[in-house]
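Student: Sending over a structure as structure tokens; questions will come in a sec.
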Amino acid sequence: MKNIYITLLSFMFISINAQVGINTITPQKTLDVNGSLYVRQQMRTGGTSTVIGSPGVSGQLFSVVDGVSDAWKTVQIANGTGSLSLFYLNTTKDVTGIQFIQTGSTGRYDLNSSFTTSTDTSLPNWAYINGTTDSFNITRTDNLSKAVLSFQTTVQITRGAGQTWTTGSASYACGIFVSKDSGPFLLKAVRNDVVRGEVGAYRVFNLNVTLDALAVGAYQVKAACTNRNLGNTTAGTLTTLGIGRAVNAATLNSDMAQSTMTTSVLQTY
């Protein structure tokens, strides 16, 4: 009895210019594989006919260097708890802002308190700076993720209707509110300040906060501000306060007064 063996090589095609195609009859490179590639041991690059190429070292990535050649590249991982890396970066802005014409609450602000809008001077009268709203997702389950929020705006004062003061002042507060998985917005950071001076005086306000140990979920962040003491109506010193808004066009415009918030999300690599 004779055994007959037939080897089928229909999957491999060799063109006359020494290009080899696997599962293709029109290879585009020296070796053109139309399908999956399974490397059981090392993959080397950068070699010559006399020098064996480099297999790279642990932790390196195989990358296109200049659009033509490929090489092993070392990726720098940020130092810190769990080797945190930047997963999200975005800046939002608002050119509308908010305006207050009455004195509000001068009381304290509590962490995780709810967003409130009230004419009761015993309660904060928060107002969102709507354009600074941002959202991001946390996907790591190790509770090491962080979000770094940087809010900046411009605060200006001017005379209220019928007022004649030459030097005035106004106190205010701005905070960051955070919602998780469509839950309520809760206060996570706050800072109060004062602007004083002549009609049209203004100053820049900054608030930076790091949210630590974030659990998996969908988050929304918003900046909001509230009025504190704007003067005394009876004494003729009541001040109009603009936050992220120009209330006196002689010294400020909407572009100069705009608010921004930058959100950076760090998760473990």
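Numbering starts fresh at 1 for the residues of each chain in the structure tokens, the chains themselves are lettered A, B, ... in the order given, and ligands are numbered from 1 as they appear.
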Any idea what's packed within 6 Å of stretch 208-210 of chain A, counting only C-alpha atoms, ignoring anything in its chain fewer than 6 positions away? Could you give it as a count of residues only?

Tutor: 4

Student: Would you please work out which residue, of A:Thr133, A:Asn143, A:Thr263, A:Thr166, is nearest to A:Ala223 when using only C-alpha atoms?

Tutor: A:Thr133

Student: With only C-alpha atoms as the counted atoms, please give the residues lying no more than 6 Å from stretch 117-126 of chain A, apart from itself and same-chain residues fewer than 4 positions off, as a PyMOL selection string.

Tutor: chain A and resi 104-105+225-226

Student: Next, dump the selected residues to file, keeping only C-alpha atoms, as a tab-separated table (two decimals), in the first residue's frame.

Tutor:
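Final output, saved to again_31.tsv:
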chain	number	residue	atom	x	y	z
A	104	GLY	CA	-27.09	87.20	51.02
A	105	SER	CA	-26.04	84.80	53.75
A	225	CYS	CA	-21.21	81.13	43.47
A	226	THR	CA	-23.29	82.98	46.06
